[in-house]
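Accompanying notes for the structure given below.
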Amino acid sequence: NEFLLYNARACIPGFYRDTLIFALFLGAKKDGSSYAAEELDFLTVLSSDAVMAIQNAWLFEDLSDQFTKNKNLFFQTTLALAGAIEAKDPYTQGHTARVAQYSLLLLEELGARGLVQRQELERLRENLRIAAFLHDIGKIGVPESILNKNGFLTESERVEIEKHPLIGVSILNNVDEFKEPILGVKYHHERFDGKGYPERLKGDQIPFIARIVAVADVYDAITTDRPYRRGLPKEQALAVIEQEKGKQFFPE
């Protein structure tokens, strides 16, 4: 209103791409001083975080209702959620789509070898595809300073990033249609030898779709550029995975 505009001493806009989501109006400071540049910089960063939070909230709010109306629209929303991860962590752009592609290829190969029953393939395809696209959704709750760090993580930073599977579960847990895909989100960092996280599951305790996402996730991480190193050739990635057979990954 006019009173708000007249009394404002600063205005911080909150944009999502080209769309104005909100504006943060600041009144006079109690001590009468002007706003310092570092204060305005901090509020600008806060505004950006608030925009992403609002966008994510709008996306999550729509998920359950839209699924019953249109299955394709539900999957498009899944893609939008995956896009929200990549908007926060630019180094993972394209990562979720590639992990989904590799996961589905692995599933087809397992089916061709008779390791997955034909009648199970269709159900698994849908759940695996959603799980792969959303496996890192919990990174929305991890500070960008950790996600985008140009170097190795400290122990405390590693603890923070290892929270992302459980954050992902808390985001998706209230949508019934995510009941099976959540297994891939929650357990894709578990290891065959029981040394993974978040629950240190071992061997057959690890859900099937999580085993597949784990291999696809690591393959893509090795072969693409990261903040701290260049991507390696696919032959080296396959060699690493072969070495980890029976340790990090299921032998099959």
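Residue numbers start at 1 in each chain; chains themselves are named A, B, ... in the order of the structure tokens; ligands are numbered from 1 in the order shown.
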Would you mind listing what lies within 7 Å of stretch 44-50 of chain A as a compact mmCIF listing (two decimals) with all heavy atoms, in the first residue's frame, with only C-alpha atoms counted and same-chain residues fewer than 3 positions away left out?
```txt
# COMPACT_ATOMS: atom_id res chain seq x y z
N ILE A 12 13.89 -5.14 -1.59
CA ILE A 12 14.62 -6.29 -2.15
C ILE A 12 13.62 -7.14 -2.92
O ILE A 12 12.73 -7.76 -2.33
CB ILE A 12 15.28 -7.14 -1.05
CG1 ILE A 12 16.13 -6.27 -0.11
CG2 ILE A 12 16.11 -8.26 -1.68
CD1 ILE A 12 17.35 -5.67 -0.76
N GLY A 14 12.17 -10.37 -5.06
CA GLY A 14 12.41 -11.82 -5.13
C GLY A 14 11.92 -12.35 -6.46
O GLY A 14 10.71 -12.47 -6.68
N LEU A 40 22.54 -5.36 2.76
CA LEU A 40 21.69 -5.53 1.57
C LEU A 40 22.06 -6.79 0.80
O LEU A 40 21.19 -7.49 0.27
CB LEU A 40 21.80 -4.30 0.68
CG LEU A 40 21.24 -3.00 1.27
CD1 LEU A 40 21.52 -1.84 0.35
CD2 LEU A 40 19.74 -3.12 1.55
N ASP A 41 23.38 -7.11 0.75
CA ASP A 41 23.82 -8.34 0.10
C ASP A 41 23.25 -9.55 0.81
O ASP A 41 22.78 -10.51 0.17
CB ASP A 41 25.35 -8.43 0.10
CG ASP A 41 25.99 -7.46 -0.89
OD1 ASP A 41 25.26 -6.95 -1.77
OD2 ASP A 41 27.20 -7.21 -0.76
N ALA A 53 12.29 -21.53 -1.77
CA ALA A 53 11.42 -22.20 -0.80
C ALA A 53 9.95 -22.09 -1.20
O ALA A 53 9.18 -23.05 -1.11
CB ALA A 53 11.63 -21.61 0.59
N ILE A 54 9.55 -20.90 -1.67
CA ILE A 54 8.17 -20.68 -2.10
C ILE A 54 7.86 -21.52 -3.34
O ILE A 54 6.81 -22.18 -3.41
CB ILE A 54 7.92 -19.19 -2.38
CG1 ILE A 54 7.95 -18.40 -1.07
CG2 ILE A 54 6.59 -18.97 -3.10
CD1 ILE A 54 7.99 -16.89 -1.26
```
Residue neighbourhood A:Gly168, 9 Å, only C-alpha atoms, exclusion window fewer than 6 positions, as a ChimeraX atom specification: /A:134-141,182,185-186
If we count only C-alpha atoms, what is near stretch 126-132 of chain A at a cut-off of 10 Å, once residues fewer than 3 positions away on the same chain are taken out, given as a JSON list (two decimals) with N, CA and C atoms, in the first residue's frame?
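Listing of selection_1.json after writing:
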```json
[["chain", "number", "residue", "atom", "x", "y", "z"],
["A", 75, "PHE", "N", 4.18, -36.82, -13.60],
["A", 75, "PHE", "CA", 5.59, -37.01, -13.91],
["A", 75, "PHE", "C", 6.27, -35.70, -14.29],
["A", 78, "THR", "N", 7.26, -34.19, -11.22],
["A", 78, "THR", "CA", 8.48, -34.85, -10.75],
["A", 78, "THR", "C", 9.71, -34.24, -11.41],
["A", 79, "LEU", "N", 9.60, -33.97, -12.69],
["A", 79, "LEU", "CA", 10.71, -33.33, -13.40],
["A", 79, "LEU", "C", 10.96, -31.92, -12.86],
["A", 82, "ALA", "N", 12.88, -32.27, -9.74],
["A", 82, "ALA", "CA", 14.27, -32.57, -10.08],
["A", 82, "ALA", "C", 14.98, -31.31, -10.54],
["A", 95, "HIS", "N", 22.19, -34.21, -14.19],
["A", 95, "HIS", "CA", 22.56, -35.41, -13.43],
["A", 95, "HIS", "C", 21.35, -36.32, -13.22],
["A", 96, "THR", "N", 20.23, -35.76, -12.76],
["A", 96, "THR", "CA", 19.07, -36.60, -12.45],
["A", 96, "THR", "C", 18.52, -37.29, -13.69],
["A", 97, "ALA", "N", 18.50, -36.58, -14.82],
["A", 97, "ALA", "CA", 18.00, -37.18, -16.06],
["A", 97, "ALA", "C", 18.91, -38.33, -16.50],
["A", 98, "ARG", "N", 20.22, -38.13, -16.37],
["A", 98, "ARG", "CA", 21.15, -39.19, -16.77],
["A", 98, "ARG", "C", 21.04, -40.39, -15.84],
["A", 99, "VAL", "N", 20.91, -40.14, -14.54],
["A", 99, "VAL", "CA", 20.77, -41.25, -13.59],
["A", 99, "VAL", "C", 19.50, -42.04, -13.89],
["A", 100, "ALA", "N", 18.43, -41.34, -14.25],
["A", 100, "ALA", "CA", 17.18, -42.04, -14.62],
["A", 100, "ALA", "C", 17.40, -42.88, -15.87],
["A", 101, "GLN", "N", 18.09, -42.31, -16.87],
["A", 101, "GLN", "CA", 18.35, -43.04, -18.11],
["A", 101, "GLN", "C", 19.19, -44.29, -17.84],
["A", 102, "TYR", "N", 20.27, -44.15, -17.08],
["A", 102, "TYR", "CA", 21.14, -45.29, -16.79],
["A", 102, "TYR", "C", 20.41, -46.33, -15.95],
["A", 103, "SER", "N", 19.59, -45.88, -15.02],
["A", 103, "SER", "CA", 18.85, -46.82, -14.15],
["A", 103, "SER", "C", 17.91, -47.69, -14.97],
["A", 104, "LEU", "N", 17.20, -47.07, -15.90],
["A", 104, "LEU", "CA", 16.26, -47.82, -16.73],
["A", 104, "LEU", "C", 16.99, -48.78, -17.66],
["A", 107, "LEU", "N", 17.91, -51.74, -15.57],
["A", 107, "LEU", "CA", 16.74, -52.57, -15.31],
["A", 107, "LEU", "C", 16.42, -53.45, -16.52],
["A", 121, "LEU", "N", 8.49, -55.97, -14.47],
["A", 121, "LEU", "CA", 9.24, -54.92, -15.15],
["A", 121, "LEU", "C", 8.47, -53.60, -15.25],
["A", 122, "GLU", "N", 7.21, -53.65, -15.65],
["A", 122, "GLU", "CA", 6.46, -52.42, -15.87],
["A", 122, "GLU", "C", 6.31, -51.63, -14.57],
["A", 123, "ARG", "N", 5.95, -52.31, -13.49],
["A", 123, "ARG", "CA", 5.82, -51.62, -12.20],
["A", 123, "ARG", "C", 7.15, -51.04, -11.75],
["A", 135, "HIS", "N", 16.19, -38.86, -6.57],
["A", 135, "HIS", "CA", 17.07, -39.44, -5.57],
["A", 135, "HIS", "C", 17.82, -38.39, -4.75],
["A", 136, "ASP", "N", 18.06, -37.21, -5.33],
["A", 136, "ASP", "CA", 18.79, -36.16, -4.61],
["A", 136, "ASP", "C", 17.90, -35.00, -4.18],
["A", 137, "ILE", "N", 16.58, -35.21, -4.14],
["A", 137, "ILE", "CA", 15.66, -34.12, -3.79],
["A", 137, "ILE", "C", 15.99, -33.53, -2.42],
["A", 177, "GLU", "N", 1.67, -41.97, -3.63],
["A", 177, "GLU", "CA", 2.23, -42.50, -4.88],
["A", 177, "GLU", "C", 3.75, -42.61, -4.84],
["A", 178, "PHE", "N", 4.39, -41.99, -3.85],
["A", 178, "PHE", "CA", 5.84, -42.06, -3.72],
["A", 178, "PHE", "C", 6.30, -43.19, -2.78],
["A", 179, "LYS", "N", 5.36, -44.03, -2.34],
["A", 179, "LYS", "CA", 5.70, -45.03, -1.34],
["A", 179, "LYS", "C", 6.86, -45.92, -1.77],
["A", 180, "GLU", "N", 6.83, -46.42, -3.00],
["A", 180, "GLU", "CA", 7.94, -47.27, -3.48],
["A", 180, "GLU", "C", 9.14, -46.47, -3.97],
["A", 181, "PRO", "N", 8.94, -45.40, -4.76],
["A", 181, "PRO", "CA", 10.11, -44.61, -5.16],
["A", 181, "PRO", "C", 10.93, -44.08, -3.98],
["A", 182, "ILE", "N", 10.27, -43.83, -2.84],
["A", 182, "ILE", "CA", 10.98, -43.34, -1.66],
["A", 182, "ILE", "C", 12.11, -44.29, -1.26],
["A", 183, "LEU", "N", 11.92, -45.58, -1.52],
["A", 183, "LEU", "CA", 12.96, -46.56, -1.15],
["A", 183, "LEU", "C", 14.26, -46.27, -1.89],
["A", 184, "GLY", "N", 14.15, -45.84, -3.15],
["A", 184, "GLY", "CA", 15.34, -45.47, -3.91],
["A", 184, "GLY", "C", 15.95, -44.17, -3.41],
["A", 185, "VAL", "N", 15.09, -43.23, -3.03],
["A", 185, "VAL", "CA", 15.56, -41.94, -2.51],
["A", 185, "VAL", "C", 16.29, -42.14, -1.18],
["A", 186, "LYS", "N", 15.72, -42.95, -0.32],
["A", 186, "LYS", "CA", 16.26, -43.11, 1.03],
["A", 186, "LYS", "C", 17.54, -43.95, 1.07],
["A", 188, "HIS", "N", 19.76, -45.03, -1.64],
["A", 188, "HIS", "CA", 20.68, -45.13, -2.77],
["A", 188, "HIS", "C", 22.15, -44.95, -2.38],
["A", 208, "PHE", "N", 15.55, -53.16, -3.89],
["A", 208, "PHE", "CA", 16.04, -53.44, -5.24],
["A", 208, "PHE", "C", 16.28, -52.16, -6.04],
["A", 209, "ILE", "N", 15.31, -51.23, -6.03],
["A", 209, "ILE", "CA", 15.50, -50.04, -6.86],
["A", 209, "ILE", "C", 16.64, -49.17, -6.34],
["A", 210, "ALA", "N", 16.89, -49.22, -5.05],
["A", 210, "ALA", "CA", 18.02, -48.45, -4.50],
["A", 210, "ALA", "C", 19.35, -49.01, -4.98],
["A", 212, "ILE", "N", 19.94, -50.31, -7.88],
["A", 212, "ILE", "CA", 20.14, -49.87, -9.26],
["A", 212, "ILE", "C", 20.53, -48.39, -9.31],
["A", 213, "VAL", "N", 19.79, -47.56, -8.57],
["A", 213, "VAL", "CA", 20.10, -46.12, -8.56],
["A", 213, "VAL", "C", 21.52, -45.88, -8.06],
["A", 214, "ALA", "N", 21.98, -46.69, -7.11],
["A", 214, "ALA", "CA", 23.32, -46.53, -6.56],
["A", 214, "ALA", "C", 24.38, -46.65, -7.65],
["A", 216, "ALA", "N", 23.94, -46.34, -11.01],
["A", 216, "ALA", "CA", 23.77, -45.27, -12.00],
["A", 216, "ALA", "C", 24.28, -43.94, -11.46],
["A", 217, "ASP", "N", 24.03, -43.68, -10.19],
["A", 217, "ASP", "CA", 24.46, -42.43, -9.55],
["A", 217, "ASP", "C", 25.98, -42.31, -9.55]]
```
Interatomic distance, atom CA of A:Lys234 to atom CA of A:Tyr219 (Å, one decimal): 7.9 Å
DSSP-assigned strand (DSSP E) members of stretch 4-252 of chain A, reported as a PyMOL selection string: chain A and resi 10-16+19-26
Non-local contacts of A:Gly27 (7 Å; only C-alpha atoms; under 3 positions in same chain excluded) as an MDAnalysis selection string: chainID A and resid 7:9
For A:Phe250, the nearest of the candidates A:Arg158, A:Thr223, A:Asp193, A:Leu232, counting only C-alpha atoms: A:Asp193
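With only C-alpha atoms as the atoms that count, the residue of A:Val218, A:Leu105, A:Thr224, A:Asn150 with the shortest distance to A:Phe249 is A:Val218.
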Selection: 12 Å around A:Arg229, only C-alpha atoms, excl. self and same-chain fewer than 4 positions, as a ChimeraX atom specification: /A:91,149-152,221-225
Selection near A:Phe192, 10 Å with only C-alpha atoms, sequence-local residues under 4 positions removed, as a VMD selection string: chain A and resid 196 200 to 206 211 244 to 251
Residue list (alpha helix (DSSP H), DSSP) for stretch 55-185 of chain A, as a PyMOL selection string: chain A and resi 55-69+71-88+95-112+118-134+144-147+155-161+164-172+181-185
